[in-house]
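Undergrad: Sending over a structure as structure tokens; questions will come in a sec.
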Amino acid sequence: MGKDKLKRFAEMEHFDNVFQPTMEEVKEGFRMKGKWLTDFFKNENPIVLELGCGRGEYTIGMAQRFPNKNFIGIDIKGSRIWRGAKTGVEDKMSNVAFVRSKIDFIEYLFAENEVSEIWLTFSDPQPKRPRKRLTSKLFVDRYRNIMTDNGIINIKTDSDLLFESTLEQIEEHNYNMKLSSWDVYGEMVLTCEEDLKDLMQIKTFYEQKWLEEGKKIKFAKFTI
Ligand SMILES: C[S@@+](CC[C@H](N)C(=O)[O-])C[C@H]1O[C@@H](n2cnc3c(N)ncnc32)[C@H](O)[C@@H]1O
């Protein structure tokens, strides 16, 4: 492992806003499950997740815009989470946390009704493993178990495959589509509400890469 990564891992051990449960801790009963509001955020505001958050651009960007909501970024890669977590610490943001974990264990991290909204930002399209896509039935059923009624799922992606598959899942399982666009920066930002237009200004590391390659960015918002 490179020196920089080691330094980041060591630094992250001291960040109050980062949780890195072991597999055993997760499966035996993660101490934060059902207690995020009382034990960490110490308020009653809604909790929003960014899954596969990478450097946490959406987690941080949304937390800055919405101080009356709580935001948690989840990713398995600690060296990426470090970037968002460090910003959260440096800027003394009390509505931000990060969890280093596989998203697959999400029901072990949150209790029923604990999460109001989910953002999937440039998730891996998993061309050969449809069940592993973060909008597959397998994952959406897990989200349902931790979300409030009418909880919202947002997906922003460069991938035609993932977007098409998401639209198919929405149709097949009768989820409620609220908004969808194959071209966020073409048609969508001209017509969508101001809050969403503003949120689309947040560009993640991967989004910037795909935009430079001329890819069209897609977005969908639905409830389950
Ligand atoms: C293509 S990157 C996108 C990162 C970031 N959202 C962005 O847009 O720059 C996908 C991220 O999802 C994470 N990831 C993929 N599958 C995961 C899983 N099952 N559990 C946790 N993280 C996962 C990867 O570690 C990676 O950081």
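Just so we're on the same page: first chain in the structure tokens is A, next is B, and so on; residues restart at 1 for each chain, and ligands are numbered from 1 in the order they show up.
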Could you list, as a compact mmCIF listing (two decimals) with N, CA, C and O atoms, in the first residue's frame, all residues that come within 6 Å of ligand 1? Count only C-alpha atoms and all ligand atoms.

TA:
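New file selection.txt:
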```
# COMPACT_ATOMS: atom_id res chain seq x y z
N GLY A 52 -22.00 4.33 -2.48
CA GLY A 52 -20.89 4.32 -3.44
C GLY A 52 -20.41 5.75 -3.60
O GLY A 52 -20.22 6.24 -4.70
N CYS A 53 -20.22 6.40 -2.46
CA CYS A 53 -20.01 7.87 -2.45
C CYS A 53 -18.64 8.29 -2.94
O CYS A 53 -18.43 9.46 -3.23
N GLY A 54 -17.68 7.34 -3.05
CA GLY A 54 -16.33 7.74 -3.45
C GLY A 54 -15.81 8.82 -2.53
O GLY A 54 -15.76 8.66 -1.32
N ASP A 75 -19.09 3.90 1.37
CA ASP A 75 -18.26 3.32 0.31
C ASP A 75 -17.32 2.32 0.96
O ASP A 75 -16.99 2.45 2.15
N ILE A 76 -16.89 1.35 0.18
CA ILE A 76 -15.99 0.34 0.73
C ILE A 76 -14.53 0.84 0.71
O ILE A 76 -13.68 0.34 1.43
N LYS A 77 -14.27 1.86 -0.10
CA LYS A 77 -12.87 2.32 -0.24
C LYS A 77 -12.54 3.48 0.70
O LYS A 77 -12.96 4.62 0.50
N SER A 101 -18.08 0.61 4.41
CA SER A 101 -18.75 -0.70 4.45
C SER A 101 -19.21 -1.07 3.06
O SER A 101 -19.35 -0.21 2.18
N LYS A 102 -19.48 -2.34 2.88
CA LYS A 102 -20.14 -2.76 1.65
C LYS A 102 -21.61 -2.34 1.74
O LYS A 102 -22.24 -2.49 2.80
N ILE A 103 -22.13 -1.82 0.65
CA ILE A 103 -23.53 -1.39 0.62
C ILE A 103 -24.45 -2.60 0.84
O ILE A 103 -25.54 -2.47 1.38
N ASP A 104 -23.95 -3.75 0.47
CA ASP A 104 -24.72 -5.01 0.63
C ASP A 104 -25.21 -5.21 2.07
O ASP A 104 -26.18 -5.91 2.31
N THR A 121 -24.68 7.69 -6.95
CA THR A 121 -23.92 8.60 -7.82
C THR A 121 -22.87 7.84 -8.61
O THR A 121 -21.89 7.38 -8.07
N PHE A 122 -23.12 7.72 -9.89
CA PHE A 122 -22.17 7.09 -10.82
C PHE A 122 -21.75 5.69 -10.34
O PHE A 122 -20.57 5.33 -10.35
N SER A 123 -22.78 4.93 -9.97
CA SER A 123 -22.56 3.56 -9.49
C SER A 123 -22.00 2.69 -10.62
O SER A 123 -22.26 2.94 -11.80
N ASP A 124 -21.29 1.63 -10.22
CA ASP A 124 -20.75 0.69 -11.20
C ASP A 124 -21.92 0.03 -11.95
O ASP A 124 -22.84 -0.47 -11.31
N THR A 204 -19.24 14.98 -9.36
CA THR A 204 -18.34 14.07 -8.66
C THR A 204 -17.08 13.85 -9.49
O THR A 204 -17.01 14.23 -10.67
N PHE A 205 -16.12 13.18 -8.87
CA PHE A 205 -14.86 12.86 -9.56
C PHE A 205 -15.13 12.11 -10.86
O PHE A 205 -14.64 12.46 -11.93
N TYR A 206 -15.97 11.06 -10.76
CA TYR A 206 -16.25 10.27 -11.97
C TYR A 206 -17.07 11.05 -12.97
O TYR A 206 -16.88 10.93 -14.17
N GLU A 207 -17.99 11.87 -12.48
CA GLU A 207 -18.81 12.64 -13.42
C GLU A 207 -17.93 13.56 -14.27
O GLU A 207 -18.11 13.66 -15.48
```

Undergrad: With only C-alpha atoms as the counted atoms, please give the residues lying no more than 12 Å from A:Val140, apart from itself and same-chain residues fewer than 4 positions off, as a PyMOL selection string.

TA: chain A and resi 103-104+106-107+118+120+131-136+144-147+151-154+166+169-170+173+175+222-224

Undergrad: Take the residues that were just selected and, keeping N, CA, C and O atoms, output them as a compact mmCIF listing (two decimals), in the first residue's frame.

TA:
```
# COMPACT_ATOMS: atom_id res chain seq x y z
N ILE A 103 -22.13 -1.82 0.65
CA ILE A 103 -23.53 -1.39 0.62
C ILE A 103 -24.45 -2.60 0.84
O ILE A 103 -25.54 -2.47 1.38
N ASP A 104 -23.95 -3.75 0.47
CA ASP A 104 -24.72 -5.01 0.63
C ASP A 104 -25.21 -5.21 2.07
O ASP A 104 -26.18 -5.91 2.31
N ILE A 106 -26.36 -2.92 4.12
CA ILE A 106 -27.04 -1.70 4.55
C ILE A 106 -28.11 -1.94 5.63
O ILE A 106 -28.29 -1.10 6.52
N GLU A 107 -28.75 -3.10 5.57
CA GLU A 107 -29.79 -3.36 6.58
C GLU A 107 -29.19 -3.60 7.97
O GLU A 107 -29.90 -3.57 8.97
N ILE A 118 -32.15 8.33 -0.73
CA ILE A 118 -30.89 7.69 -1.16
C ILE A 118 -30.43 8.31 -2.47
O ILE A 118 -31.25 8.53 -3.37
N LEU A 120 -27.65 7.58 -5.56
CA LEU A 120 -26.70 6.65 -6.18
C LEU A 120 -25.94 7.47 -7.21
O LEU A 120 -26.53 7.91 -8.21
N ARG A 131 -27.66 -8.54 -10.78
CA ARG A 131 -28.14 -8.53 -9.38
C ARG A 131 -27.32 -7.59 -8.50
O ARG A 131 -27.77 -7.13 -7.46
N LYS A 132 -26.07 -7.33 -8.92
CA LYS A 132 -25.18 -6.46 -8.13
C LYS A 132 -25.39 -4.97 -8.41
O LYS A 132 -24.80 -4.11 -7.77
N ARG A 133 -26.22 -4.68 -9.44
CA ARG A 133 -26.49 -3.26 -9.72
C ARG A 133 -27.26 -2.67 -8.55
O ARG A 133 -28.14 -3.33 -7.99
N LEU A 134 -26.95 -1.43 -8.23
CA LEU A 134 -27.55 -0.85 -7.01
C LEU A 134 -29.02 -0.50 -7.16
O LEU A 134 -29.65 -0.08 -6.20
N THR A 135 -29.58 -0.70 -8.38
CA THR A 135 -31.03 -0.55 -8.53
C THR A 135 -31.70 -1.89 -8.85
O THR A 135 -32.85 -1.91 -9.30
N SER A 136 -30.99 -3.00 -8.62
CA SER A 136 -31.62 -4.31 -8.82
C SER A 136 -32.66 -4.54 -7.72
O SER A 136 -32.61 -3.89 -6.67
N ARG A 144 -35.80 -0.68 0.91
CA ARG A 144 -37.17 -0.57 1.42
C ARG A 144 -37.21 -0.87 2.93
O ARG A 144 -37.94 -0.25 3.68
N ASN A 145 -36.36 -1.79 3.35
CA ASN A 145 -36.36 -2.19 4.76
C ASN A 145 -35.79 -1.12 5.70
O ASN A 145 -35.93 -1.25 6.92
N ILE A 146 -35.14 -0.12 5.17
CA ILE A 146 -34.57 0.92 6.04
C ILE A 146 -35.17 2.31 5.77
O ILE A 146 -34.87 3.26 6.48
N MET A 147 -36.03 2.37 4.73
CA MET A 147 -36.53 3.70 4.33
C MET A 147 -37.90 4.02 4.89
O MET A 147 -38.70 3.12 5.18
N GLY A 151 -40.03 7.18 0.78
CA GLY A 151 -38.62 7.54 0.68
C GLY A 151 -38.23 7.64 -0.79
O GLY A 151 -38.75 6.92 -1.63
N ILE A 152 -37.30 8.54 -1.07
CA ILE A 152 -36.95 8.83 -2.47
C ILE A 152 -35.59 8.23 -2.83
O ILE A 152 -34.63 8.32 -2.04
N ILE A 153 -35.51 7.64 -4.02
CA ILE A 153 -34.22 7.17 -4.54
C ILE A 153 -33.87 8.01 -5.76
O ILE A 153 -34.71 8.20 -6.66
N ASN A 154 -32.64 8.54 -5.78
CA ASN A 154 -32.16 9.32 -6.92
C ASN A 154 -30.97 8.60 -7.53
O ASN A 154 -30.10 8.10 -6.79
N THR A 166 -32.31 0.41 -14.81
CA THR A 166 -33.07 1.06 -13.73
C THR A 166 -34.50 1.37 -14.19
O THR A 166 -35.46 1.10 -13.47
N GLN A 169 -36.47 -1.76 -14.20
CA GLN A 169 -36.82 -2.20 -12.84
C GLN A 169 -37.99 -1.38 -12.29
O GLN A 169 -38.88 -1.90 -11.64
N ILE A 170 -37.96 -0.07 -12.56
CA ILE A 170 -39.03 0.82 -12.08
C ILE A 170 -40.37 0.37 -12.67
O ILE A 170 -41.38 0.26 -11.98
N HIS A 173 -41.40 -3.41 -11.41
CA HIS A 173 -41.81 -3.58 -10.01
C HIS A 173 -42.77 -2.47 -9.53
O HIS A 173 -43.00 -2.32 -8.34
N TYR A 175 -42.53 0.72 -9.22
CA TYR A 175 -42.10 1.85 -8.40
C TYR A 175 -42.69 3.11 -9.03
O TYR A 175 -43.13 3.09 -10.19
N PHE A 222 -37.21 8.30 -8.04
CA PHE A 222 -38.42 7.47 -7.90
C PHE A 222 -38.64 7.07 -6.45
O PHE A 222 -37.73 7.16 -5.62
N THR A 223 -39.88 6.67 -6.15
CA THR A 223 -40.17 6.14 -4.82
C THR A 223 -40.53 4.67 -4.98
O THR A 223 -40.89 4.22 -6.07
N ILE A 224 -40.45 3.96 -3.86
CA ILE A 224 -40.71 2.50 -3.96
C ILE A 224 -41.89 2.13 -3.05
O ILE A 224 -41.95 1.12 -2.50
```

Undergrad: To test your reading of the structure, identify every residue in chain A that backbone DSSP assigns to helix (DSSP H, G or I), and report it as a PyMOL selection string.

TA: chain A and resi 3-12+23-29+36-41+57-65+78-90+103-109+130-132+137-144+160-172+184-191+194-199+205-212

Undergrad: Atoms to include: C-alpha atoms. Write the selected residues as an mmCIF file, in the first residue's frame.

TA:
```cif
data_model
loop_
_atom_site.group_PDB
_atom_site.id
_atom_site.type_symbol
_atom_site.label_atom_id
_atom_site.label_comp_id
_atom_site.auth_asym_id
_atom_site.auth_seq_id
_atom_site.Cartn_x
_atom_site.Cartn_y
_atom_site.Cartn_z
ATOM 1 C CA LYS A 3 2.513 5.917 1.797
ATOM 2 C CA ASP A 4 -0.300 8.392 1.109
ATOM 3 C CA LYS A 5 -2.989 5.750 1.557
ATOM 4 C CA LEU A 6 -1.470 4.586 4.834
ATOM 5 C CA LYS A 7 -1.344 8.175 6.060
ATOM 6 C CA ARG A 8 -4.995 8.689 5.151
ATOM 7 C CA PHE A 9 -6.076 5.496 6.884
ATOM 8 C CA ALA A 10 -4.190 6.503 10.026
ATOM 9 C CA GLU A 11 -5.670 10.005 9.944
ATOM 10 C CA MET A 12 -9.164 8.667 9.431
ATOM 11 C CA MET A 23 -17.753 -7.485 9.484
ATOM 12 C CA GLU A 24 -18.257 -9.029 12.947
ATOM 13 C CA GLU A 25 -19.411 -5.706 14.426
ATOM 14 C CA VAL A 26 -21.849 -5.245 11.564
ATOM 15 C CA LYS A 27 -23.355 -8.705 11.830
ATOM 16 C CA GLU A 28 -23.454 -8.811 15.633
ATOM 17 C CA GLY A 29 -25.412 -5.566 15.791
ATOM 18 C CA TRP A 36 -27.938 7.716 14.193
ATOM 19 C CA LEU A 37 -30.166 10.617 15.236
ATOM 20 C CA THR A 38 -29.876 10.234 19.010
ATOM 21 C CA ASP A 39 -26.220 9.232 19.273
ATOM 22 C CA PHE A 40 -24.526 11.023 16.379
ATOM 23 C CA PHE A 41 -26.500 13.831 14.761
ATOM 24 C CA GLU A 57 -18.941 15.134 -3.300
ATOM 25 C CA TYR A 58 -22.736 14.741 -3.044
ATOM 26 C CA THR A 59 -22.671 14.012 0.679
ATOM 27 C CA ILE A 60 -20.695 17.195 1.341
ATOM 28 C CA GLY A 61 -22.379 19.332 -1.331
ATOM 29 C CA MET A 62 -25.886 18.471 -0.138
ATOM 30 C CA ALA A 63 -24.942 18.882 3.526
ATOM 31 C CA GLN A 64 -23.723 22.418 2.770
ATOM 32 C CA ARG A 65 -26.957 23.257 0.990
ATOM 33 C CA GLY A 78 -11.423 4.138 2.748
ATOM 34 C CA SER A 79 -8.904 6.165 0.787
ATOM 35 C CA ARG A 80 -11.763 7.745 -1.182
ATOM 36 C CA ILE A 81 -14.003 8.395 1.825
ATOM 37 C CA TRP A 82 -11.072 10.193 3.460
ATOM 38 C CA ARG A 83 -11.486 13.200 1.127
ATOM 39 C CA GLY A 84 -15.109 13.897 2.059
ATOM 40 C CA ALA A 85 -14.588 13.067 5.720
ATOM 41 C CA LYS A 86 -11.632 15.468 5.967
ATOM 42 C CA THR A 87 -13.711 18.293 4.492
ATOM 43 C CA GLY A 88 -16.446 17.489 7.008
ATOM 44 C CA VAL A 89 -13.949 17.690 9.885
ATOM 45 C CA GLU A 90 -12.141 20.804 8.628
ATOM 46 C CA ILE A 103 -23.527 -1.390 0.616
ATOM 47 C CA ASP A 104 -24.717 -5.007 0.625
ATOM 48 C CA PHE A 105 -24.862 -4.788 4.456
ATOM 49 C CA ILE A 106 -27.036 -1.700 4.545
ATOM 50 C CA GLU A 107 -29.789 -3.357 6.584
ATOM 51 C CA TYR A 108 -27.225 -4.019 9.314
ATOM 52 C CA LEU A 109 -26.239 -0.333 9.382
ATOM 53 C CA PRO A 130 -27.269 -7.470 -12.954
ATOM 54 C CA ARG A 131 -28.136 -8.526 -9.382
ATOM 55 C CA LYS A 132 -25.176 -6.463 -8.126
ATOM 56 C CA LYS A 137 -34.578 -5.790 -6.926
ATOM 57 C CA LEU A 138 -32.144 -7.331 -4.461
ATOM 58 C CA PHE A 139 -30.789 -3.902 -3.460
ATOM 59 C CA VAL A 140 -34.075 -1.994 -3.696
ATOM 60 C CA ASP A 141 -35.672 -4.521 -1.311
ATOM 61 C CA ARG A 142 -32.850 -3.823 1.134
ATOM 62 C CA TYR A 143 -33.445 -0.063 0.807
ATOM 63 C CA ARG A 144 -37.173 -0.574 1.422
ATOM 64 C CA ASP A 160 -26.746 3.761 -20.615
ATOM 65 C CA LEU A 161 -26.793 0.170 -19.394
ATOM 66 C CA LEU A 162 -27.398 1.036 -15.745
ATOM 67 C CA PHE A 163 -29.943 3.720 -16.616
ATOM 68 C CA GLU A 164 -31.895 1.483 -18.981
ATOM 69 C CA SER A 165 -31.858 -1.335 -16.459
ATOM 70 C CA THR A 166 -33.068 1.056 -13.725
ATOM 71 C CA LEU A 167 -35.967 2.236 -15.893
ATOM 72 C CA GLU A 168 -36.879 -1.399 -16.562
ATOM 73 C CA GLN A 169 -36.824 -2.197 -12.837
ATOM 74 C CA ILE A 170 -39.030 0.818 -12.081
ATOM 75 C CA GLU A 171 -41.555 -0.377 -14.661
ATOM 76 C CA GLU A 172 -41.386 -4.069 -13.756
ATOM 77 C CA VAL A 184 -29.439 16.213 -17.466
ATOM 78 C CA TYR A 185 -27.488 19.160 -18.855
ATOM 79 C CA GLY A 186 -29.473 19.366 -22.076
ATOM 80 C CA GLU A 187 -33.177 19.183 -21.337
ATOM 81 C CA MET A 188 -33.512 18.556 -17.607
ATOM 82 C CA VAL A 189 -31.823 21.595 -16.104
ATOM 83 C CA LEU A 190 -33.948 23.845 -18.305
ATOM 84 C CA THR A 191 -37.194 22.642 -16.782
ATOM 85 C CA GLU A 194 -34.490 25.186 -8.685
ATOM 86 C CA ASP A 195 -33.305 22.939 -5.819
ATOM 87 C CA LEU A 196 -32.618 20.061 -8.188
ATOM 88 C CA LYS A 197 -31.007 22.347 -10.751
ATOM 89 C CA ASP A 198 -28.659 23.521 -8.012
ATOM 90 C CA LEU A 199 -27.897 19.944 -6.919
ATOM 91 C CA PHE A 205 -14.856 12.863 -9.560
ATOM 92 C CA TYR A 206 -16.246 10.266 -11.967
ATOM 93 C CA GLU A 207 -18.810 12.641 -13.420
ATOM 94 C CA GLN A 208 -16.112 15.129 -14.364
ATOM 95 C CA LYS A 209 -14.201 12.345 -16.072
ATOM 96 C CA TRP A 210 -17.227 11.209 -18.099
ATOM 97 C CA LEU A 211 -18.200 14.773 -19.008
ATOM 98 C CA GLU A 212 -14.699 15.361 -20.408
#
```

Undergrad: Here is a test: counting only C-alpha atoms, which residue of A:Asn68, A:Ser94, A:Asn17, A:Asn150 is nearest to A:Ser116?

TA: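 Among the listed residues, the smallest separation from A:Ser116 belongs to A:Asn150.
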
Undergrad: Tell me, which residues of stretch 4-201 of chain A carry DSSP strand (DSSP E or B), written as a PyMOL selection string?

TA: chain A and resi 18-19+47-51+70-75+96-100+115-121+147-157+176-181
